[in-house]
Amino acid sequence: MSAQSGPRVGSSFLYDVWYVAGWGHELQPGCRTSRTILGQPLVLFRTERGDVSALEDRCCHRAMPLSEGTVVGESIRCPYHGLEFGTNGACVHIPAQDKIPSTARVRHFPLVEKDALLWIWMGDANKADIATIPDHPYHRDPAWAWRSAHYDVQGNWQLLVDNLMDLSHLPYIHPLTIGGDPELHFKTPTISTRLPNGVRVERKMPSSVPPPTYVAAAGFKGLVDRWQEIEFQPVFIRIHTGACDEGTGAYDGDRSHGLSMLGFHGITPETETTTHYFWSMATNIIRDDIPDLVFEQTARTFKEDQAVLEMQQRRIALEPGRQLVDIASDVGGRQTRQFIQRLFRAEQEGEAVVA
Amino acid sequence: MSAQSGPRVGSSFLYDVWYVAGWGHELQPGCRTSRTILGQPLVLFRTERGDVSALEDRCCHRAMPLSEGTVVGESIRCPYHGLEFGTNGACVHIPAQDKIPSTARVRHFPLVEKDALLWIWMGDANKADIATIPDHPYHRDPAWAWRSAHYDVQGNWQLLVDNLMDLSHLPYIHPLTIGGDPELHFKTPTISTRLPNGVRVERKMPSSVPPPTYVAAAGFKGLVDRWQEIEFQPVFIRIHTGACDEGTGAYDGDRSHGLSMLGFHGITPETETTTHYFWSMATNIIRDDIPDLVFEQTARTFKEDQAVLEMQQRRIALEPGRQLVDIASDVGGRQTRQFIQRLFRAEQEGEAVVA
Amino acid sequence: MSAQSGPRVGSSFLYDVWYVAGWGHELQPGCRTSRTILGQPLVLFRTERGDVSALEDRCCHRAMPLSEGTVVGESIRCPYHGLEFGTNGACVHIPAQDKIPSTARVRHFPLVEKDALLWIWMGDANKADIATIPDHPYHRDPAWAWRSAHYDVQGNWQLLVDNLMDLSHLPYIHPLTIGGDPELHFKTPTISTRLPNGVRVERKMPSSVPPPTYVAAAGFKGLVDRWQEIEFQPVFIRIHTGACDEGTGAYDGDRSHGLSMLGFHGITPETETTTHYFWSMATNIIRDDIPDLVFEQTARTFKEDQAVLEMQQRRIALEPGRQLVDIASDVGGRQTRQFIQRLFRAEQEGEAVVA
Ligand code: FES
Ligand code: FES
Ligand code: FES
């Protein structure tokens, strides 16, 4: 493993993918919010009838942010001189003027609500295929309880991908919650696999001592069979961690009697140096306050990660192109970076990605 | 009206004009202040005898800001090693040194006090003609009462010109004070006229319901004949608004029996993205607390405008050269921008402006 | 003296010199701190055995600041994934990995503790000669009492050199403490001399009235023979000021019966526009609270200087290359700047400096 094999932190965005733009519950009917994605300021709003829309947050008349305006019926009204724009960005009303010029419109971005998430397409609108929006059934399955959050991370989005694809930092950054014994973490083999549209990293820890959060949530009395399954797709990550009593079939697909924690991590670049981190944590133990307990410990853990990413970013910003050095535990992160690099190149060459 | 007809926000200053640099009362004898105009840091000071001066705010010795120093007689003394400079920028004293080198001077800008305003010339000093400094007789006429203010606007100066030359934003931005009925505003014809050295916009609202501020100030009992007269000269605006009882001669020049509000708006670029806004409001009803009432409502109204300009600026800064789309009510603003463009070109070509 | 003779504020660093990186007492065993020098972020740490080290503050693995980590024995451990680096910057431990690649190292800078100061070499390590580290015996001589400080100055380092090499600012900036009578200061001849590796400025004030601090510290009853001796070496300054009773041999080297104040001024660029100012004040009158009294008056005085430098910097930043105008009292400062310029040129040409 040489310095030459290490990554450089990219300075580009992927465009032709569905990104998480927010949580559906953030936009009540008649409400709007301002949000920047891939450097583009947007107004997100929901009409009174309930449709959601993402428009460029800049009135075509005098550049006023539309997000300072008001939703009026099925349109958003600019606060300065009262122009109104429909969900597709076309101007539908100019005060005291009958004819609306065809140039009076603002840019519109496809926005779709699905499984409690708002998905946006920032790239070539002709390539936006609603059928390719990811599923996240845990958000609609009553057998799971979940909670959600939105963190604003002052760091490049790829740092967050690295962080989640390589859990070898757990004993160092999260000693108090989910970290556990460094020896255990480092001795566990990590298997990283390319998927048709992503990367999967897997670790098994059979017959191990359950960490404190697990005992608190599931009441384990003895050793457990643990698993960590991480799946990257552009650009979000699902992490399934959990444990069953030792030898009760966890590695044969029979896990419903144990503890499952299903994390969803929507990773959406705000700018080159800042990232929207939309995450949720679902658990299969939904009695009492277990989901809250799991969520609160997770929230604290992810705040620790956020602080790390922001410190990394400050150093990387000083010398953005400088080579880094890989170590053995980077196998999953490296495969993910290579996959992302192929997507970048494919977009730049205007080709479909051959997975 | 096509997108091509809309303005771009300029990134230039006019130099060969008199700008408002401040209010005379800001500079008491022996006092100095720091102020940046057209990107140039200045020290403004008044000598003990009463003369005003504007010098570059940077000592020629070691670049110390002279505005941190003290006025000593007819000079300003640098706080670091005690060099003193006269009102014309020449060094008049170096401690422990008899000969003063001719290079020991700082740049000087013509500054003239007139009608309570300080007028400065930032351009070619050879073209500075005191006879061309604008008059504002309302500031010296005891028949009028006036109050003044200085707002620091975080926006390009042309945004403020746009705002004042197009009052169609009143019902949207100022619904609570001077806005009134949107229908009335939009149905009123706007007449825009080129003047020898500016642009004039005029609107008449005969037989209309007076807005709350008018009733409070003038006690109107019935309908009124209203007017709005806006005059741009480089680079300030006078706005005369008011009303008389319906049919009592307001449109024939007989207005003294009604309510007149005479706004002066000195618009002085601080930098490309910030503007000094020196304004005063004079009224012909000077009894009781009417002038204060009018001023306070105006001050609140202009703060609403300031917030709008600052939001526009943030969007425009992201894509400064991007085309905007005009609408019908932009007639006065557009004519003003065209006039300003001609002044720009004339300055760049070094010619006198042919109006 | 013409404008052409004045300095420009440089935008370069000297590299091949020993700089003060801090005070030894700042780093207790097992402690680390983050510090930027010549634009380079560093972690300074002291091992448990007591060695000091300066490393690049950026882990070679994923750019995490090592200064957020912990000292473990004789190494510093990165907080993210646990890599450990020895005092020479080589990685000595990677969790769960036997072979350490030779590329796993961070840049190391020579750091030496001497006379309570930490001296660092930021330039070509082959030229770092420990024998050339300056002595400062006052820090180890029990006949002197001293106190130290670290100011962060928001200004270019050469502004601080100028300030200390030309004390003609004393009556203007420090009227309340060490300033004294402007006439006295300006009439005193200043003798500036080139030394083999620096510049020396000297002023004698025989039979003068002692300033308040002097009387308070030494109890002078009549006139005194004062001296100010300033010596610049790259890049620190020693200032010896003091006084003896008139005619008691002060100018013949017999000063132990008077008051001596020996200032050490380590001037270390943090960035082009900010400077670490490590200073100490030693005095030969060590009874009672005299050293504290002298230190506190000095600390207040240097804070006044700091404010001046920061105001200068803001003006200079606007037009960095612009010519300044010298005056007569700049003789010492000018000679120092010329000396520094020669060092710059010598470094750029890769030659040894011929003094
Ligand atoms: S800026 Fe939006 S309507 Fe004028
Ligand atoms: S900087 Fe103004 S007198 Fe020296
Ligand atoms: S960033 Fe330092 S060990 Fe990974």
# chains A, B, ... in the order shown; residues from 1 in each chain; ligands from 1
$ residues_around --residues "His240 of chain A" --least-positions-apart "5" --cutoff "9 Å" --atoms "only C-alpha atoms" --output "compact mmCIF listing (two decimals) with C-alpha atoms, in the first residue's frame"
# COMPACT_ATOMS: atom_id res chain seq x y z
CA TRP A 227 -23.14 -7.95 12.35
CA GLN A 228 -22.33 -4.68 10.56
CA GLU A 229 -23.60 -4.36 6.99
CA ILE A 230 -22.96 -1.14 5.14
CA GLU A 231 -24.23 -0.39 1.68
CA SER A 260 -31.68 -4.55 14.51
CA MET A 261 -30.68 -0.94 14.00
CA LEU A 262 -31.24 0.30 10.46
CA GLY A 263 -29.59 3.59 9.70
CA PHE A 264 -30.35 5.63 6.60
$ select_by_dssp --residues "segment 296-351 of chain A" --states "alpha helix (DSSP H)" --output "count of residues only"
41
$ interface_residues --of "chain B" --to "chain C" --cutoff "6 Å" --atoms "only C-alpha atoms" --output "list in words"
Cys60, His61, Ala63, Met64, Tyr80, His81, Ala96 and Thr103 of chain B
$ select_by_dssp --residues "segment 68-226 of chain A" --states "strand (DSSP E or B)" --output "JSON, numbers by chain"
{"A": [70, 71, 72, 75, 76, 77, 84, 85, 86, 90, 91, 92, 93, 94, 97, 105, 108, 109, 111, 112, 113, 114, 117, 118, 119, 120, 121, 145, 146, 147, 148, 149, 150, 151, 152, 153, 190, 191, 192, 193, 194, 195, 198, 199, 200, 201, 202, 203, 204, 205, 206, 207, 208, 224, 225, 226]}
$ atom_distance --atom1 "atom CA of Ala131 of chain A" --atom2 "atom CA of Val20 of chain A"
15.3 Å
$ residues_around --residues "segment 198-210 of chain A" --least-positions-apart "6" --cutoff "9 Å" --atoms "only C-alpha atoms" --output "ChimeraX atom specification"
/A:165-166,180,184-185,188-192,220,222-234,243,245-247,251,331-333,335-336,339-340,355
$ closest_residue --among "B:Ala143, B:Ile76, B:Ile286, B:Ala216" --to "Ser53 of chain B" --atoms "only C-alpha atoms"
B:Ile76
$ closest_residue --among "B:Leu118, B:Leu38, B:Leu66, B:Val52" --to "ligand 2" --atoms "only C-alpha atoms and all ligand atoms"
B:Leu66
$ residues_around --residues "Arg107 of chain B" --least-positions-apart "6" --cutoff "7 Å" --atoms "only C-alpha atoms" --output "list in words"
Leu55, Glu56 and Gly89 of chain B
$ closest_atom_pairs --of "chain B" --to "ligand 2" --cutoff "12 Å" --atoms "only C-alpha atoms and all ligand atoms" --output "JSON lines"
{"residue": "B:Asp57", "atom": "CA", "partner": "ligand 2", "partner_atom_place_in_ligand_line": "2 (Fe)", "distance": 10.4}
{"residue": "B:Arg58", "atom": "CA", "partner": "ligand 2", "partner_atom_place_in_ligand_line": "2 (Fe)", "distance": 7.8}
{"residue": "B:Cys59", "atom": "CA", "partner": "ligand 2", "partner_atom_place_in_ligand_line": "2 (Fe)", "distance": 4.6}
{"residue": "B:Cys60", "atom": "CA", "partner": "ligand 2", "partner_atom_place_in_ligand_line": "2 (Fe)", "distance": 6.6}
{"residue": "B:His61", "atom": "CA", "partner": "ligand 2", "partner_atom_place_in_ligand_line": "1 (S)", "distance": 4.6}
{"residue": "B:Arg62", "atom": "CA", "partner": "ligand 2", "partner_atom_place_in_ligand_line": "1 (S)", "distance": 3.7}
{"residue": "B:Ala63", "atom": "CA", "partner": "ligand 2", "partner_atom_place_in_ligand_line": "1 (S)", "distance": 5.4}
{"residue": "B:Met64", "atom": "CA", "partner": "ligand 2", "partner_atom_place_in_ligand_line": "1 (S)", "distance": 4.6}
{"residue": "B:Pro65", "atom": "CA", "partner": "ligand 2", "partner_atom_place_in_ligand_line": "2 (Fe)", "distance": 7.7}
{"residue": "B:Leu66", "atom": "CA", "partner": "ligand 2", "partner_atom_place_in_ligand_line": "2 (Fe)", "distance": 7.2}
{"residue": "B:Ser67", "atom": "CA", "partner": "ligand 2", "partner_atom_place_in_ligand_line": "2 (Fe)", "distance": 10.8}
{"residue": "B:Glu68", "atom": "CA", "partner": "ligand 2", "partner_atom_place_in_ligand_line": "2 (Fe)", "distance": 10.1}
{"residue": "B:Gly69", "atom": "CA", "partner": "ligand 2", "partner_atom_place_in_ligand_line": "2 (Fe)", "distance": 9.0}
{"residue": "B:Thr70", "atom": "CA", "partner": "ligand 2", "partner_atom_place_in_ligand_line": "2 (Fe)", "distance": 11.7}
{"residue": "B:Ile76", "atom": "CA", "partner": "ligand 2", "partner_atom_place_in_ligand_line": "2 (Fe)", "distance": 10.5}
{"residue": "B:Arg77", "atom": "CA", "partner": "ligand 2", "partner_atom_place_in_ligand_line": "3 (S)", "distance": 7.9}
{"residue": "B:Cys78", "atom": "CA", "partner": "ligand 2", "partner_atom_place_in_ligand_line": "2 (Fe)", "distance": 4.6}
{"residue": "B:Pro79", "atom": "CA", "partner": "ligand 2", "partner_atom_place_in_ligand_line": "2 (Fe)", "distance": 6.5}
{"residue": "B:Tyr80", "atom": "CA", "partner": "ligand 2", "partner_atom_place_in_ligand_line": "4 (Fe)", "distance": 4.9}
{"residue": "B:His81", "atom": "CA", "partner": "ligand 2", "partner_atom_place_in_ligand_line": "3 (S)", "distance": 3.8}
{"residue": "B:Gly82", "atom": "CA", "partner": "ligand 2", "partner_atom_place_in_ligand_line": "3 (S)", "distance": 4.8}
{"residue": "B:Leu83", "atom": "CA", "partner": "ligand 2", "partner_atom_place_in_ligand_line": "3 (S)", "distance": 4.4}
{"residue": "B:Glu84", "atom": "CA", "partner": "ligand 2", "partner_atom_place_in_ligand_line": "3 (S)", "distance": 7.7}
{"residue": "B:Phe85", "atom": "CA", "partner": "ligand 2", "partner_atom_place_in_ligand_line": "2 (Fe)", "distance": 9.8}
{"residue": "B:Cys91", "atom": "CA", "partner": "ligand 2", "partner_atom_place_in_ligand_line": "3 (S)", "distance": 10.0}
{"residue": "B:Val92", "atom": "CA", "partner": "ligand 2", "partner_atom_place_in_ligand_line": "3 (S)", "distance": 11.8}
{"residue": "B:His93", "atom": "CA", "partner": "ligand 2", "partner_atom_place_in_ligand_line": "3 (S)", "distance": 9.8}
{"residue": "B:Ile94", "atom": "CA", "partner": "ligand 2", "partner_atom_place_in_ligand_line": "3 (S)", "distance": 7.8}
{"residue": "B:Pro95", "atom": "CA", "partner": "ligand 2", "partner_atom_place_in_ligand_line": "3 (S)", "distance": 8.9}
{"residue": "B:Ala96", "atom": "CA", "partner": "ligand 2", "partner_atom_place_in_ligand_line": "3 (S)", "distance": 12.0}
{"residue": "B:Ala104", "atom": "CA", "partner": "ligand 2", "partner_atom_place_in_ligand_line": "3 (S)", "distance": 10.2}
{"residue": "B:Arg105", "atom": "CA", "partner": "ligand 2", "partner_atom_place_in_ligand_line": "2 (Fe)", "distance": 10.7}
{"residue": "B:Val106", "atom": "CA", "partner": "ligand 2", "partner_atom_place_in_ligand_line": "2 (Fe)", "distance": 10.6}
$ atom_distance --atom1 "atom CA of Leu111 of chain C" --atom2 "atom CA of Trp18 of chain C"
9.1 Å
$ atom_distance --atom1 "atom CA of Val112 of chain A" --atom2 "atom CA of Leu14 of chain A"
18.6 Å
